[in-house]
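Here is input.tsv, consisting of TSV, C-alpha atoms:
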```tsv
chain	number	residue	atom	x	y	z
A	1	GLU	CA	25.29	-6.47	13.65
A	2	LYS	CA	22.06	-6.10	15.69
A	3	THR	CA	22.12	-2.34	15.21
A	4	ARG	CA	22.53	-2.79	11.47
A	5	GLU	CA	19.55	-5.18	11.36
A	6	LYS	CA	17.39	-2.77	13.39
A	7	THR	CA	18.33	0.07	11.03
A	8	ARG	CA	17.52	-2.12	8.02
A	9	GLU	CA	14.12	-3.02	9.48
A	10	LYS	CA	13.30	0.65	10.23
A	11	THR	CA	14.25	1.58	6.66
A	12	ARG	CA	12.04	-1.21	5.27
A	13	GLU	CA	9.14	-0.05	7.44
A	14	LYS	CA	9.53	3.59	6.31
A	15	THR	CA	9.70	2.47	2.68
A	16	ARG	CA	6.55	0.36	3.09
A	17	GLU	CA	4.78	3.29	4.74
A	18	LYS	CA	5.71	5.63	1.86
A	19	THR	CA	4.56	3.01	-0.63
A	20	ARG	CA	1.24	2.64	1.19
A	21	GLU	CA	0.76	6.40	1.11
A	22	LYS	CA	1.54	6.52	-2.63
A	23	ILE	CA	-0.92	3.69	-3.31
A	24	LEU	CA	-3.70	5.26	-1.23
A	25	SER	CA	-3.28	8.74	-2.69
A	26	ALA	CA	-3.22	7.31	-6.22
A	27	ILE	CA	-6.43	5.39	-5.49
A	28	LEU	CA	-8.06	8.52	-4.04
A	29	GLU	CA	-7.17	10.38	-7.25
A	30	ASN	CA	-8.36	7.55	-9.49
A	31	PRO	CA	-10.46	4.80	-7.87
A	32	LYS	CA	-10.37	2.80	-11.13
A	33	ILE	CA	-6.56	2.71	-11.19
A	34	THR	CA	-4.96	-0.57	-12.25
A	35	VAL	CA	-2.20	-2.56	-10.57
A	36	ILE	CA	0.01	-1.83	-13.60
A	37	GLU	CA	-0.52	1.92	-13.15
A	38	LEU	CA	0.32	1.56	-9.46
A	39	THR	CA	3.60	-0.18	-10.34
A	40	ASP	CA	4.50	2.81	-12.53
A	41	ILE	CA	3.70	5.27	-9.74
A	42	THR	CA	5.46	3.39	-6.92
A	43	GLY	CA	8.28	1.71	-8.80
A	44	ILE	CA	7.63	-1.65	-7.15
A	45	SER	CA	6.65	-4.97	-8.74
A	46	ILE	CA	3.15	-6.26	-9.41
A	47	LYS	CA	3.66	-8.79	-6.61
A	48	GLY	CA	4.68	-5.92	-4.31
A	49	ILE	CA	1.54	-3.96	-5.17
A	50	GLU	CA	-0.64	-7.04	-4.68
A	51	TRP	CA	1.00	-7.67	-1.28
A	52	GLN	CA	0.42	-4.06	-0.19
A	53	ILE	CA	-3.20	-4.10	-1.41
A	54	ALA	CA	-3.87	-7.40	0.39
A	55	LYS	CA	-2.46	-5.90	3.57
A	56	LEU	CA	-4.54	-2.72	3.21
A	57	LYS	CA	-7.68	-4.80	2.59
A	58	LYS	CA	-6.94	-7.01	5.60
A	59	GLU	CA	-6.51	-3.92	7.79
A	60	GLY	CA	-9.85	-2.56	6.57
A	61	ILE	CA	-8.32	0.50	4.92
A	62	LEU	CA	-9.08	-0.48	1.34
A	63	ARG	CA	-12.05	-2.22	-0.27
A	64	ARG	CA	-12.74	-3.41	-3.80
A	65	ILE	CA	-16.17	-2.52	-5.14
A	66	GLY	CA	-17.33	-4.59	-8.12
A	67	PRO	CA	-15.41	-7.02	-10.31
A	68	LYS	CA	-11.72	-6.94	-11.26
A	69	LYS	CA	-12.64	-5.39	-14.61
A	70	GLY	CA	-15.03	-2.50	-14.30
A	71	GLY	CA	-14.86	-2.23	-10.51
A	72	TYR	CA	-13.09	0.37	-8.43
A	73	TRP	CA	-11.22	0.86	-5.15
A	74	GLU	CA	-12.60	2.58	-2.10
A	75	VAL	CA	-10.42	3.95	0.69
A	76	VAL	CA	-12.49	3.05	3.75
A	77	GLN	CA	-10.62	5.15	6.29
A	78	ASP	CA	-7.90	7.77	6.22
A	79	ASN	CA	-4.46	6.21	6.59
A	80	LYS	CA	-3.42	8.91	9.08
A	81	GLU	CA	-5.73	7.37	11.70
A	82	ASN	CA	-3.75	4.13	11.55
A	83	ASN	CA	-0.34	5.59	12.31
A	84	ASP	CA	-0.61	5.48	16.12
```
What would you get if you wrote out this structure as structure tokens?
Amino acid sequence: EKTREKTREKTREKTREKTREKILSAILENPKITVIELTDITGISIKGIEWQIAKLKKEGILRRIGPKKGGYWEVVQDNKENND
């Protein structure tokens, strides 16, 4: 049972990491990308995208420049540096 839970947690973490990478690369390609477009790219819900973005902002990896409408995203640092 403990092994199964550890495996589940590792899988969740890998999935989150892949999702983060998809979000960041999509933003690098198109800084004006919308949450809806990110849901199409990643296949996760709007709430899931918002959660990931909040986490990336909290970690200082992502920053919003300007207002919700008309603004854009800026990737502050390369995600690879954070994988230690």
Inset, instruction - Write out as a list in words which residues come within 12 Å of Ala26 in chain A when counting only C-alpha atoms, dropping same-chain ones fewer than 3 positions away. - result: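 So the residues in contact are Thr19, Arg20, Glu21, Lys22, Ile23, Glu29, Asn30, Pro31, Lys32, Ile33, Thr34, Val35, Glu37, Leu38, Thr39, Asp40, Ile41, Thr42, Trp73, Glu74 and Val75 of chain A.
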Legend entry - Residues near Gly60 in chain A, cut-off 10 Å, only C-alpha atoms, skip fewer than 6 positions along chain, as an NGL selection string: :A and (54 or 75-77)
Inset, instruction - Take CA of Ile36 in chain A and CA of Gly48 in chain A and report the distance between them in Å, one decimal. - result: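 CA of Ile36 in chain A sits 11.2 Å away from CA of Gly48 in chain A.
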Inset, instruction - May I ask which of the residues A:Ile46, A:Pro67, A:Gln52, A:Lys58 is the closest one to Leu24 in chain A, counting all atoms listed in the file? - result: A:Gln52
Please write out, as JSON, where the centre of an axis-aligned box around all listed atoms of range 21-36 of chain A lies and how long its edges are, in Å to one decimal, after adding 5 Å on each side.
```
{"center_x": -4.5, "center_y": 3.9, "center_z": -6.2, "size_x": 22.0, "size_y": 22.9, "size_z": 24.7}
```
Legend entry - Separation of CA of Gly71 in chain A from CA of Glu50 in chain A, in Å and rounded to one decimal: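 Computing it gives 16.1 Å between the two atoms.
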Legend entry - Residue among A:Lys68, A:Arg8, A:Lys57, A:Lys18 lying closest to Gly43 in chain A, counting all atoms listed in the file: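 Distance minimum relative to Gly43 in chain A lands on A:Lys18.
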Inset, instruction - Take CA of Glu13 in chain A and CA of Leu28 in chain A and report the distance between them in Å, one decimal. - result: 22.4 Å
